[in-house]
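Just final.cif here, mmCIF, C-alpha atoms, pLDDT in the B column; chains and numbers go by the auth columns:
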data_model
loop_
_atom_site.group_PDB
_atom_site.id
_atom_site.type_symbol
_atom_site.label_atom_id
_atom_site.label_comp_id
_atom_site.label_asym_id
_atom_site.label_seq_id
_atom_site.Cartn_x
_atom_site.Cartn_y
_atom_site.Cartn_z
_atom_site.B_iso_or_equiv
_atom_site.auth_seq_id
_atom_site.auth_asym_id
ATOM 1 C CA MET A 1 -19.594 -28.252 -74.803 48.00 1 Y
ATOM 2 C CA THR A 2 -22.219 -30.434 -73.250 50.00 2 Y
ATOM 3 C CA GLU A 3 -24.657 -28.880 -70.838 51.00 3 Y
ATOM 4 C CA PRO A 4 -24.712 -30.267 -67.313 52.00 4 Y
ATOM 5 C CA ALA A 5 -27.539 -32.625 -66.662 52.00 5 Y
ATOM 6 C CA ARG A 6 -30.535 -30.981 -65.139 53.00 6 Y
ATOM 7 C CA PRO A 7 -32.724 -32.766 -62.676 51.00 7 Y
ATOM 8 C CA ASP A 8 -35.989 -33.843 -64.101 54.00 8 Y
ATOM 9 C CA ASP A 9 -38.922 -31.857 -62.755 51.00 9 Y
ATOM 10 C CA GLY A 10 -40.601 -35.115 -61.866 52.00 10 Y
ATOM 11 C CA ASP A 11 -37.677 -36.026 -59.563 52.00 11 Y
ATOM 12 C CA ARG A 12 -37.964 -32.894 -57.502 52.00 12 Y
ATOM 13 C CA VAL A 13 -39.571 -33.242 -54.090 48.00 13 Y
ATOM 14 C CA PRO A 14 -41.641 -30.160 -53.298 50.00 14 Y
ATOM 15 C CA LEU A 15 -41.022 -28.598 -49.925 49.00 15 Y
ATOM 16 C CA GLU A 16 -44.063 -28.966 -47.737 54.00 16 Y
ATOM 17 C CA PRO A 17 -45.155 -25.811 -45.925 56.00 17 Y
ATOM 18 C CA PRO A 18 -44.988 -26.037 -42.147 59.00 18 Y
ATOM 19 C CA SER A 19 -48.153 -27.231 -40.466 65.00 19 Y
ATOM 20 C CA ALA A 20 -50.265 -24.889 -38.366 66.00 20 Y
ATOM 21 C CA ALA A 21 -49.082 -26.683 -35.222 66.00 21 Y
ATOM 22 C CA ASP A 22 -45.429 -26.219 -36.196 68.00 22 Y
ATOM 23 C CA SER A 23 -45.989 -22.535 -36.930 74.00 23 Y
ATOM 24 C CA VAL A 24 -47.728 -21.948 -33.604 69.00 24 Y
ATOM 25 C CA SER A 25 -45.059 -23.946 -31.797 70.00 25 Y
ATOM 26 C CA ALA A 26 -42.281 -21.882 -33.368 72.00 26 Y
ATOM 27 C CA ALA A 27 -43.984 -18.589 -32.547 71.00 27 Y
ATOM 28 C CA LEU A 28 -44.693 -19.533 -28.937 70.00 28 Y
ATOM 29 C CA GLY A 29 -41.282 -21.120 -28.469 68.00 29 Y
ATOM 30 C CA SER A 30 -39.498 -18.050 -29.800 70.00 30 Y
ATOM 31 C CA ALA A 31 -41.481 -15.847 -27.414 64.00 31 Y
ATOM 32 C CA ALA A 32 -40.618 -18.152 -24.507 68.00 32 Y
ATOM 33 C CA ARG A 33 -36.948 -18.107 -25.442 68.00 33 Y
ATOM 34 C CA ARG A 34 -36.930 -14.303 -25.622 64.00 34 Y
ATOM 35 C CA ALA A 35 -38.506 -14.305 -22.163 61.00 35 Y
ATOM 36 C CA GLY A 36 -35.533 -16.280 -20.870 61.00 36 Y
ATOM 37 C CA LEU A 37 -36.965 -19.796 -20.855 68.00 37 Y
ATOM 38 C CA ASP A 38 -34.164 -21.462 -22.783 66.00 38 Y
ATOM 39 C CA PRO A 39 -33.059 -24.911 -21.566 63.00 39 Y
ATOM 40 C CA ALA A 40 -29.687 -24.397 -23.218 59.00 40 Y
ATOM 41 C CA LYS A 41 -28.925 -21.334 -21.080 64.00 41 Y
ATOM 42 C CA HIS A 42 -30.324 -22.150 -17.651 57.00 42 Y
ATOM 43 C CA ALA A 43 -29.531 -25.309 -15.726 60.00 43 Y
ATOM 44 C CA SER A 44 -31.456 -24.376 -12.578 71.00 44 Y
ATOM 45 C CA THR A 45 -35.121 -23.659 -12.057 70.00 45 Y
ATOM 46 C CA GLY A 46 -34.329 -20.526 -10.092 77.00 46 Y
ATOM 47 C CA ALA A 47 -32.295 -19.079 -12.948 77.00 47 Y
ATOM 48 C CA ALA A 48 -35.067 -19.836 -15.420 75.00 48 Y
ATOM 49 C CA VAL A 49 -37.754 -18.225 -13.272 81.00 49 Y
ATOM 50 C CA TRP A 50 -35.586 -15.192 -12.602 79.00 50 Y
ATOM 51 C CA ALA A 51 -34.910 -14.782 -16.326 78.00 51 Y
ATOM 52 C CA ALA A 52 -38.619 -15.170 -17.143 78.00 52 Y
ATOM 53 C CA MET A 53 -39.446 -12.343 -14.733 80.00 53 Y
ATOM 54 C CA GLY A 54 -36.737 -10.180 -16.296 77.00 54 Y
ATOM 55 C CA GLY A 55 -34.633 -9.885 -13.146 81.00 55 Y
ATOM 56 C CA TRP A 56 -34.959 -6.885 -10.853 85.00 56 Y
ATOM 57 C CA ARG A 57 -35.593 -4.562 -13.793 84.00 57 Y
ATOM 58 C CA GLY A 58 -38.461 -6.690 -15.076 82.00 58 Y
ATOM 59 C CA ILE A 59 -39.996 -6.895 -11.610 88.00 59 Y
ATOM 60 C CA LEU A 60 -39.837 -3.123 -11.139 90.00 60 Y
ATOM 61 C CA GLU A 61 -41.268 -2.507 -14.606 86.00 61 Y
ATOM 62 C CA SER A 62 -44.146 -4.853 -13.857 87.00 62 Y
ATOM 63 C CA VAL A 63 -44.976 -3.694 -10.332 92.00 63 Y
ATOM 64 C CA LEU A 64 -44.040 -0.046 -9.815 93.00 64 Y
ATOM 65 C CA PRO A 65 -46.440 1.696 -12.272 93.00 65 Y
ATOM 66 C CA SER A 66 -49.459 -0.157 -10.862 93.00 66 Y
ATOM 67 C CA LEU A 67 -48.255 0.249 -7.277 95.00 67 Y
ATOM 68 C CA ALA A 68 -47.744 3.980 -7.719 95.00 68 Y
ATOM 69 C CA PHE A 69 -51.249 4.369 -9.145 96.00 69 Y
ATOM 70 C CA VAL A 70 -52.874 2.410 -6.306 96.00 70 Y
ATOM 71 C CA VAL A 71 -50.981 4.217 -3.533 96.00 71 Y
ATOM 72 C CA LEU A 72 -51.497 7.726 -4.910 96.00 72 Y
ATOM 73 C CA PHE A 73 -55.146 7.113 -5.762 95.00 73 Y
ATOM 74 C CA THR A 74 -55.802 5.742 -2.273 95.00 74 Y
ATOM 75 C CA VAL A 75 -54.123 8.540 -0.316 95.00 75 Y
ATOM 76 C CA THR A 76 -55.909 11.225 -2.374 94.00 76 Y
ATOM 77 C CA ILE A 77 -59.445 9.776 -2.200 90.00 77 Y
ATOM 78 C CA ASP A 78 -62.142 12.388 -1.685 86.00 78 Y
ATOM 79 C CA PRO A 79 -64.612 11.095 0.956 83.00 79 Y
ATOM 80 C CA GLU A 80 -67.544 12.620 -0.923 80.00 80 Y
ATOM 81 C CA THR A 81 -66.817 11.382 -4.446 78.00 81 Y
ATOM 82 C CA ARG A 82 -64.847 8.281 -3.382 79.00 82 Y
ATOM 83 C CA GLN A 83 -62.414 9.063 -6.189 83.00 83 Y
ATOM 84 C CA GLY A 84 -58.728 9.804 -5.895 91.00 84 Y
ATOM 85 C CA ASN A 85 -56.658 12.291 -7.836 94.00 85 Y
ATOM 86 C CA LEU A 86 -56.666 10.629 -11.264 94.00 86 Y
ATOM 87 C CA PRO A 87 -54.345 13.070 -13.092 95.00 87 Y
ATOM 88 C CA LEU A 88 -51.691 12.710 -10.385 96.00 88 Y
ATOM 89 C CA SER A 89 -52.015 8.938 -10.017 95.00 89 Y
ATOM 90 C CA LEU A 90 -52.042 8.256 -13.735 95.00 90 Y
ATOM 91 C CA GLY A 91 -49.331 10.801 -14.477 95.00 91 Y
ATOM 92 C CA VAL A 92 -46.879 9.190 -12.065 96.00 92 Y
ATOM 93 C CA SER A 93 -47.778 5.698 -13.318 94.00 93 Y
ATOM 94 C CA VAL A 94 -47.206 6.607 -16.969 94.00 94 Y
ATOM 95 C CA GLY A 95 -44.099 8.592 -16.014 95.00 95 Y
ATOM 96 C CA LEU A 96 -42.531 5.550 -14.372 93.00 96 Y
ATOM 97 C CA ALA A 97 -43.283 3.402 -17.417 91.00 97 Y
ATOM 98 C CA LEU A 98 -41.677 6.069 -19.600 92.00 98 Y
ATOM 99 C CA VAL A 99 -38.562 6.183 -17.397 92.00 99 Y
ATOM 100 C CA PHE A 100 -38.170 2.392 -17.635 89.00 100 Y
ATOM 101 C CA THR A 101 -38.478 2.544 -21.423 89.00 101 Y
ATOM 102 C CA ILE A 102 -35.892 5.320 -21.731 90.00 102 Y
ATOM 103 C CA ALA A 103 -33.542 3.444 -19.397 87.00 103 Y
ATOM 104 C CA ARG A 104 -33.705 0.372 -21.633 84.00 104 Y
ATOM 105 C CA LEU A 105 -33.070 2.440 -24.743 84.00 105 Y
ATOM 106 C CA VAL A 106 -30.069 4.146 -23.129 85.00 106 Y
ATOM 107 C CA ALA A 107 -28.679 0.807 -21.947 80.00 107 Y
ATOM 108 C CA LYS A 108 -29.311 -0.652 -25.438 78.00 108 Y
ATOM 109 C CA SER A 109 -31.133 -3.594 -23.895 75.00 109 Y
ATOM 110 C CA PRO A 110 -34.206 -5.160 -25.550 71.00 110 Y
ATOM 111 C CA PRO A 111 -36.887 -2.499 -25.020 68.00 111 Y
ATOM 112 C CA SER A 112 -39.880 -4.556 -26.171 72.00 112 Y
ATOM 113 C CA ALA A 113 -41.151 -5.384 -22.675 68.00 113 Y
ATOM 114 C CA ALA A 114 -40.808 -1.814 -21.437 69.00 114 Y
ATOM 115 C CA ILE A 115 -42.366 -0.356 -24.599 80.00 115 Y
ATOM 116 C CA GLY A 116 -45.258 -2.790 -24.346 80.00 116 Y
ATOM 117 C CA GLY A 117 -45.767 -1.805 -20.728 79.00 117 Y
ATOM 118 C CA LEU A 118 -45.600 1.883 -21.607 86.00 118 Y
ATOM 119 C CA VAL A 119 -48.193 1.555 -24.380 90.00 119 Y
ATOM 120 C CA ALA A 120 -50.529 -0.457 -22.165 89.00 120 Y
ATOM 121 C CA THR A 121 -50.128 1.949 -19.248 90.00 121 Y
ATOM 122 C CA ALA A 122 -50.694 5.008 -21.434 93.00 122 Y
ATOM 123 C CA ALA A 123 -53.751 3.500 -23.150 94.00 123 Y
ATOM 124 C CA ALA A 124 -55.290 2.558 -19.800 94.00 124 Y
ATOM 125 C CA ALA A 125 -54.590 6.062 -18.482 94.00 125 Y
ATOM 126 C CA LEU A 126 -56.316 7.688 -21.455 96.00 126 Y
ATOM 127 C CA LEU A 127 -59.367 5.470 -20.998 95.00 127 Y
ATOM 128 C CA THR A 128 -59.480 6.230 -17.279 95.00 128 Y
ATOM 129 C CA LEU A 129 -59.232 9.993 -17.833 94.00 129 Y
ATOM 130 C CA PHE A 130 -61.994 9.750 -20.434 94.00 130 Y
ATOM 131 C CA THR A 131 -64.396 7.875 -18.149 94.00 131 Y
ATOM 132 C CA GLY A 132 -63.273 9.510 -14.917 92.00 132 Y
ATOM 133 C CA ARG A 133 -63.386 6.150 -13.107 93.00 133 Y
ATOM 134 C CA GLY A 134 -60.251 4.818 -11.440 93.00 134 Y
ATOM 135 C CA GLN A 135 -61.229 1.178 -11.900 95.00 135 Y
ATOM 136 C CA ASP A 136 -61.046 1.566 -15.677 95.00 136 Y
ATOM 137 C CA ASN A 137 -57.261 1.688 -15.376 95.00 137 Y
ATOM 138 C CA PHE A 138 -57.428 -2.112 -15.108 95.00 138 Y
ATOM 139 C CA VAL A 139 -59.822 -2.865 -17.980 95.00 139 Y
ATOM 140 C CA PHE A 140 -57.160 -3.889 -20.503 94.00 140 Y
ATOM 141 C CA GLY A 141 -55.783 -6.374 -18.004 94.00 141 Y
ATOM 142 C CA PHE A 142 -59.143 -8.145 -17.976 96.00 142 Y
ATOM 143 C CA PHE A 143 -59.056 -8.583 -21.731 95.00 143 Y
ATOM 144 C CA THR A 144 -55.459 -9.842 -21.590 94.00 144 Y
ATOM 145 C CA ASN A 145 -56.244 -12.414 -18.911 96.00 145 Y
ATOM 146 C CA GLY A 146 -59.371 -13.486 -20.765 96.00 146 Y
ATOM 147 C CA ALA A 147 -57.465 -13.957 -24.020 96.00 147 Y
ATOM 148 C CA TYR A 148 -54.651 -15.958 -22.416 95.00 148 Y
ATOM 149 C CA GLY A 149 -57.041 -18.062 -20.376 96.00 149 Y
ATOM 150 C CA ALA A 150 -59.165 -18.841 -23.423 97.00 150 Y
ATOM 151 C CA ALA A 151 -56.098 -19.714 -25.512 96.00 151 Y
ATOM 152 C CA PHE A 152 -54.796 -22.216 -22.965 96.00 152 Y
ATOM 153 C CA LEU A 153 -58.239 -23.744 -22.432 96.00 153 Y
ATOM 154 C CA VAL A 154 -59.020 -24.081 -26.133 96.00 154 Y
ATOM 155 C CA SER A 155 -55.597 -25.621 -26.786 95.00 155 Y
ATOM 156 C CA VAL A 156 -56.439 -28.366 -24.301 96.00 156 Y
ATOM 157 C CA LEU A 157 -59.898 -28.941 -25.738 96.00 157 Y
ATOM 158 C CA VAL A 158 -58.518 -29.420 -29.255 94.00 158 Y
ATOM 159 C CA GLY A 159 -55.748 -31.750 -28.036 92.00 159 Y
ATOM 160 C CA TRP A 160 -52.803 -29.415 -28.629 94.00 160 Y
ATOM 161 C CA PRO A 161 -51.905 -27.996 -25.167 95.00 161 Y
ATOM 162 C CA LEU A 162 -49.844 -24.841 -25.489 94.00 162 Y
ATOM 163 C CA ILE A 163 -47.260 -25.978 -22.958 93.00 163 Y
ATOM 164 C CA GLY A 164 -46.539 -28.978 -25.179 92.00 164 Y
ATOM 165 C CA LEU A 165 -46.103 -26.780 -28.243 92.00 165 Y
ATOM 166 C CA ILE A 166 -43.731 -24.469 -26.383 90.00 166 Y
ATOM 167 C CA ALA A 167 -41.736 -27.322 -24.846 88.00 167 Y
ATOM 168 C CA GLY A 168 -41.494 -29.109 -28.193 87.00 168 Y
ATOM 169 C CA TYR A 169 -39.913 -26.062 -29.818 86.00 169 Y
ATOM 170 C CA LEU A 170 -37.517 -25.299 -26.978 82.00 170 Y
ATOM 171 C CA LEU A 171 -36.352 -28.920 -26.795 81.00 171 Y
ATOM 172 C CA GLY A 172 -36.002 -29.182 -30.579 82.00 172 Y
ATOM 173 C CA GLU A 173 -38.392 -32.113 -30.919 81.00 173 Y
ATOM 174 C CA GLY A 174 -41.345 -30.493 -32.665 83.00 174 Y
ATOM 175 C CA THR A 175 -44.608 -32.258 -31.935 84.00 175 Y
ATOM 176 C CA SER A 176 -43.206 -35.731 -31.245 87.00 176 Y
ATOM 177 C CA TRP A 177 -44.289 -35.373 -27.596 90.00 177 Y
ATOM 178 C CA ARG A 178 -47.862 -36.125 -28.707 90.00 178 Y
ATOM 179 C CA THR A 179 -46.949 -39.801 -29.164 90.00 179 Y
ATOM 180 C CA ASP A 180 -46.011 -40.056 -25.473 89.00 180 Y
ATOM 181 C CA LYS A 181 -49.207 -40.403 -23.432 92.00 181 Y
ATOM 182 C CA ARG A 182 -47.519 -39.464 -20.166 92.00 182 Y
ATOM 183 C CA ARG A 183 -45.993 -36.259 -21.491 92.00 183 Y
ATOM 184 C CA ARG A 184 -49.149 -35.321 -23.306 94.00 184 Y
ATOM 185 C CA ARG A 185 -51.136 -35.764 -20.098 95.00 185 Y
ATOM 186 C CA VAL A 186 -48.692 -33.645 -18.074 94.00 186 Y
ATOM 187 C CA TYR A 187 -48.639 -30.878 -20.686 95.00 187 Y
ATOM 188 C CA THR A 188 -52.438 -30.916 -20.675 96.00 188 Y
ATOM 189 C CA TRP A 189 -52.611 -30.441 -16.917 96.00 189 Y
ATOM 190 C CA LEU A 190 -49.967 -27.727 -17.012 96.00 190 Y
ATOM 191 C CA SER A 191 -51.926 -25.855 -19.683 96.00 191 Y
ATOM 192 C CA LEU A 192 -55.080 -26.199 -17.598 97.00 192 Y
ATOM 193 C CA GLY A 193 -53.153 -24.803 -14.640 96.00 193 Y
ATOM 194 C CA TRP A 194 -52.198 -21.721 -16.622 96.00 194 Y
ATOM 195 C CA ALA A 195 -55.774 -21.318 -17.833 97.00 195 Y
ATOM 196 C CA ALA A 196 -56.958 -21.557 -14.214 97.00 196 Y
ATOM 197 C CA LEU A 197 -54.514 -18.805 -13.187 97.00 197 Y
ATOM 198 C CA PHE A 198 -55.874 -16.342 -15.750 97.00 198 Y
ATOM 199 C CA VAL A 199 -59.484 -17.272 -15.043 97.00 199 Y
ATOM 200 C CA ALA A 200 -58.931 -16.935 -11.275 97.00 200 Y
ATOM 201 C CA ARG A 201 -57.732 -13.370 -11.794 97.00 201 Y
ATOM 202 C CA LEU A 202 -60.970 -12.538 -13.572 97.00 202 Y
ATOM 203 C CA ILE A 203 -63.154 -14.271 -10.990 97.00 203 Y
ATOM 204 C CA VAL A 204 -61.521 -12.412 -8.103 97.00 204 Y
ATOM 205 C CA GLN A 205 -60.989 -9.004 -9.692 97.00 205 Y
ATOM 206 C CA LEU A 206 -64.098 -8.422 -11.812 97.00 206 Y
ATOM 207 C CA PRO A 207 -66.475 -8.117 -8.808 97.00 207 Y
ATOM 208 C CA LEU A 208 -64.178 -5.444 -7.353 96.00 208 Y
ATOM 209 C CA TYR A 209 -64.193 -3.625 -10.678 96.00 209 Y
ATOM 210 C CA PHE A 210 -67.980 -3.494 -10.790 96.00 210 Y
ATOM 211 C CA ALA A 211 -68.043 -2.453 -7.120 94.00 211 Y
ATOM 212 C CA GLY A 212 -65.682 0.423 -7.919 92.00 212 Y
ATOM 213 C CA ASP A 213 -63.187 -0.614 -5.214 94.00 213 Y
ATOM 214 C CA VAL A 214 -60.031 0.687 -6.861 95.00 214 Y
ATOM 215 C CA THR A 215 -57.727 0.137 -3.888 94.00 215 Y
ATOM 216 C CA ALA A 216 -58.663 -3.527 -3.414 96.00 216 Y
ATOM 217 C CA LEU A 217 -58.674 -4.140 -7.169 96.00 217 Y
ATOM 218 C CA GLY A 218 -55.221 -2.655 -7.664 95.00 218 Y
ATOM 219 C CA THR A 219 -53.802 -4.472 -4.660 96.00 219 Y
ATOM 220 C CA LEU A 220 -55.106 -7.849 -5.816 96.00 220 Y
ATOM 221 C CA LYS A 221 -53.844 -7.194 -9.337 95.00 221 Y
ATOM 222 C CA ILE A 222 -50.331 -6.867 -7.928 95.00 222 Y
ATOM 223 C CA VAL A 223 -50.702 -9.821 -5.551 94.00 223 Y
ATOM 224 C CA MET A 224 -52.067 -12.077 -8.310 94.00 224 Y
ATOM 225 C CA GLY A 225 -49.367 -10.960 -10.727 93.00 225 Y
ATOM 226 C CA LEU A 226 -45.730 -11.968 -10.228 90.00 226 Y
ATOM 227 C CA PRO A 227 -46.337 -13.767 -6.883 92.00 227 Y
ATOM 228 C CA LEU A 228 -48.495 -16.306 -8.756 93.00 228 Y
ATOM 229 C CA PHE A 229 -46.669 -16.136 -12.078 93.00 229 Y
ATOM 230 C CA ALA A 230 -43.294 -17.157 -10.626 91.00 230 Y
ATOM 231 C CA PRO A 231 -44.485 -20.410 -8.972 92.00 231 Y
ATOM 232 C CA MET A 232 -46.353 -21.401 -12.141 92.00 232 Y
ATOM 233 C CA VAL A 233 -43.201 -20.881 -14.204 91.00 233 Y
ATOM 234 C CA ALA A 234 -41.194 -22.931 -11.684 90.00 234 Y
ATOM 235 C CA VAL A 235 -43.670 -25.839 -11.694 91.00 235 Y
ATOM 236 C CA THR A 236 -43.882 -25.806 -15.484 91.00 236 Y
ATOM 237 C CA TRP A 237 -40.111 -25.660 -15.857 89.00 237 Y
ATOM 238 C CA LEU A 238 -39.538 -28.539 -13.448 89.00 238 Y
ATOM 239 C CA ALA A 239 -42.157 -30.723 -15.152 89.00 239 Y
ATOM 240 C CA VAL A 240 -40.879 -30.046 -18.661 87.00 240 Y
ATOM 241 C CA ARG A 241 -37.252 -30.721 -17.715 85.00 241 Y
ATOM 242 C CA ALA A 242 -38.201 -33.898 -15.857 85.00 242 Y
ATOM 243 C CA LEU A 243 -40.037 -35.229 -18.894 82.00 243 Y
ATOM 244 C CA SER A 244 -37.591 -34.069 -21.541 76.00 244 Y
ATOM 245 C CA PRO A 245 -35.615 -36.760 -23.389 65.00 245 Y
ATOM 246 C CA ARG A 246 -32.155 -37.312 -21.931 58.00 246 Y
ATOM 247 C CA ARG A 247 -29.490 -36.380 -24.423 50.00 247 Y
ATOM 248 C CA GLU A 248 -26.186 -38.179 -24.515 42.00 248 Y
ATOM 249 C CA SER A 249 -23.256 -35.958 -23.739 41.00 249 Y
#

In structure tokens, how does this file's structure come out?
Amino acid sequence: MTEPARPDDGDRVPLEPPSAADSVSAALGSAARRAGLDPAKHASTGAAVWAAMGGWRGILESVLPSLAFVVLFTVTIDPETRQGNLPLSLGVSVGLALVFTIARLVAKSPPSAAIGGLVATAAAALLTLFTGRGQDNFVFGFFTNGAYGAAFLVSVLVGWPLIGLIAGYLLGEGTSWRTDKRRRRVYTWLSLGWAALFVARLIVQLPLYFAGDVTALGTLKIVMGLPLFAPMVAVTWLAVRALSPRRES
């Protein structure tokens, strides 16, 4: 019996590992798709924005723990020490985050967002109890905004705007958008817009942190959260869809 012919090793074409840009694009695109920004699922901008915010549950998970902390801290401020009741304020805040996490687990819905919020809320509470300063409940948010802002800004400086990488993955076109000057320019400006959002939060909120104004700091954190996030998602979504290649039906 003759053995089947085997391909010569010299005829084999080695598989090239994905480039760094492709890997980053896939990671960011997958995260965006999990957040609800999937062009295949949402035809309207409103639906995409609503999905990105996580619906009513996502909004409550994002706002209520911080709101509870700010309100309780403010109404319990001691005129002499200028500090509110930290154990009460932090306890209710962490408790709400825990309730949201349990609710997701019971409903068997993806708990990653709620768990992430719970961990962040608990870590901030521990730091605040350790220092005894209410403003330290917002420290981790500064690092998060700084990291995101730096990532978007650096991506523009090196010529690989993050919005382009995300859009390329979601639209299934990889990095081909870089050959289109118009799209590359729009993605650059969109990435700069996101960087400006994160930097603006730091510029406005850091002085309040150093001044120890917990009430104003917490209020602005909420105001500069979803109310600014939603319009940025809408603008980005509209621009990406307007520039995306038209597919034949």

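Picked by the PyMOL selection byres ((chain Y and resi 163-174) around 6) from the coordinates shown: Ser25, Ala26, Leu28, Gly29, Pro161, Leu162, Thr175, Ser176, Tyr187 and Ser191 of chain Y.
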
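Between atom CA of Y:Ser66 and atom CA of Y:Ala150 lies a distance of 24.5 Å.
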
> Looking at all atoms listed in the file, which of Y:Gly55, Y:Gly117, Y:Pro231, Y:Gly159 is the one that sits closest to Y:Phe140?
Replying inline: Y:Gly117

> If you count only C-alpha atoms, which residues fall within 9 Å of Y:Gly218, apart from same-chain ones fewer than 4 positions away, as a PyMOL selection string?
Replying inline: chain Y and resi 66-67+69-70+135+138+205+213-214+222-223

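The residue that comes closest to Y:Ile115, out of Y:Ser62, Y:Gln83, Y:Thr128, Y:Thr144 and on the basis of only C-alpha atoms, is Y:Ser62.
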
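Using only C-alpha atoms, the nearest neighbour of Y:Ser93 within the list Y:Thr131, Y:Ser244, Y:Ser30, Y:Thr121 is Y:Thr121.
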
>> Quick check on the file I pasted: which residues fall under the PyMOL selection byres ((chain Y and resi 193) around 12)? Write them as a ChimeraX atom specification.
In response: /Y:148-149,152-153,156,161-163,186-192,194-200,228-229,231-233,235-236

> For Y:Phe73, which residue out of Y:Gly225, Y:Gly134, Y:Gly116, Y:Gly141 is the nearest one, using all atoms listed in the file?
Replying inline: Y:Gly134

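Among the candidates Y:Gly95, Y:Ala27, Y:Val71, Y:Leu105, the one nearest to Y:Ala216 when counting all atoms listed in the file is Y:Val71.
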
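Interatomic distance, atom CA of Y:Leu206 to atom CA of Y:Val63: 19.8 Å.
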
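Closest to Y:Ala147 among Y:Leu202, Y:Ser23, Y:Leu118, Y:Phe130 is Y:Leu202, based on all atoms listed in the file.
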
Would you write out, as an mmCIF file with C-alpha atoms, keeping the file's coordinate frame, every residue that the PyMOL selection byres ((chain Y and resi 49) around 9) captures in this file?
data_model
loop_
_atom_site.group_PDB
_atom_site.id
_atom_site.type_symbol
_atom_site.label_atom_id
_atom_site.label_comp_id
_atom_site.auth_asym_id
_atom_site.auth_seq_id
_atom_site.Cartn_x
_atom_site.Cartn_y
_atom_site.Cartn_z
ATOM 1 C CA GLY Y 36 -35.533 -16.280 -20.870
ATOM 2 C CA LEU Y 37 -36.965 -19.796 -20.855
ATOM 3 C CA SER Y 44 -31.456 -24.376 -12.578
ATOM 4 C CA THR Y 45 -35.121 -23.659 -12.057
ATOM 5 C CA GLY Y 46 -34.329 -20.526 -10.092
ATOM 6 C CA ALA Y 47 -32.295 -19.079 -12.948
ATOM 7 C CA ALA Y 48 -35.067 -19.836 -15.420
ATOM 8 C CA TRP Y 50 -35.586 -15.192 -12.602
ATOM 9 C CA ALA Y 51 -34.910 -14.782 -16.326
ATOM 10 C CA ALA Y 52 -38.619 -15.170 -17.143
ATOM 11 C CA MET Y 53 -39.446 -12.343 -14.733
ATOM 12 C CA GLY Y 54 -36.737 -10.180 -16.296
ATOM 13 C CA GLY Y 55 -34.633 -9.885 -13.146
ATOM 14 C CA ALA Y 230 -43.294 -17.157 -10.626
ATOM 15 C CA PRO Y 231 -44.485 -20.410 -8.972
ATOM 16 C CA VAL Y 233 -43.201 -20.881 -14.204
ATOM 17 C CA ALA Y 234 -41.194 -22.931 -11.684
ATOM 18 C CA TRP Y 237 -40.111 -25.660 -15.857
#

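You will find atom CA of Y:Ser89 at 14.3 Å from atom CA of Y:Ala123.
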
Quick one: 4 Å padding each side, axis-aligned, all listed atoms of stretch 97-109 of chain Y - centre and edge lengths in Å to one decimal, as lines of an AutoDock Vina configuration file?
center_x = -36.0
center_y = 1.3
center_z = -21.4
size_x = 22.6
size_y = 17.8
size_z = 16.0
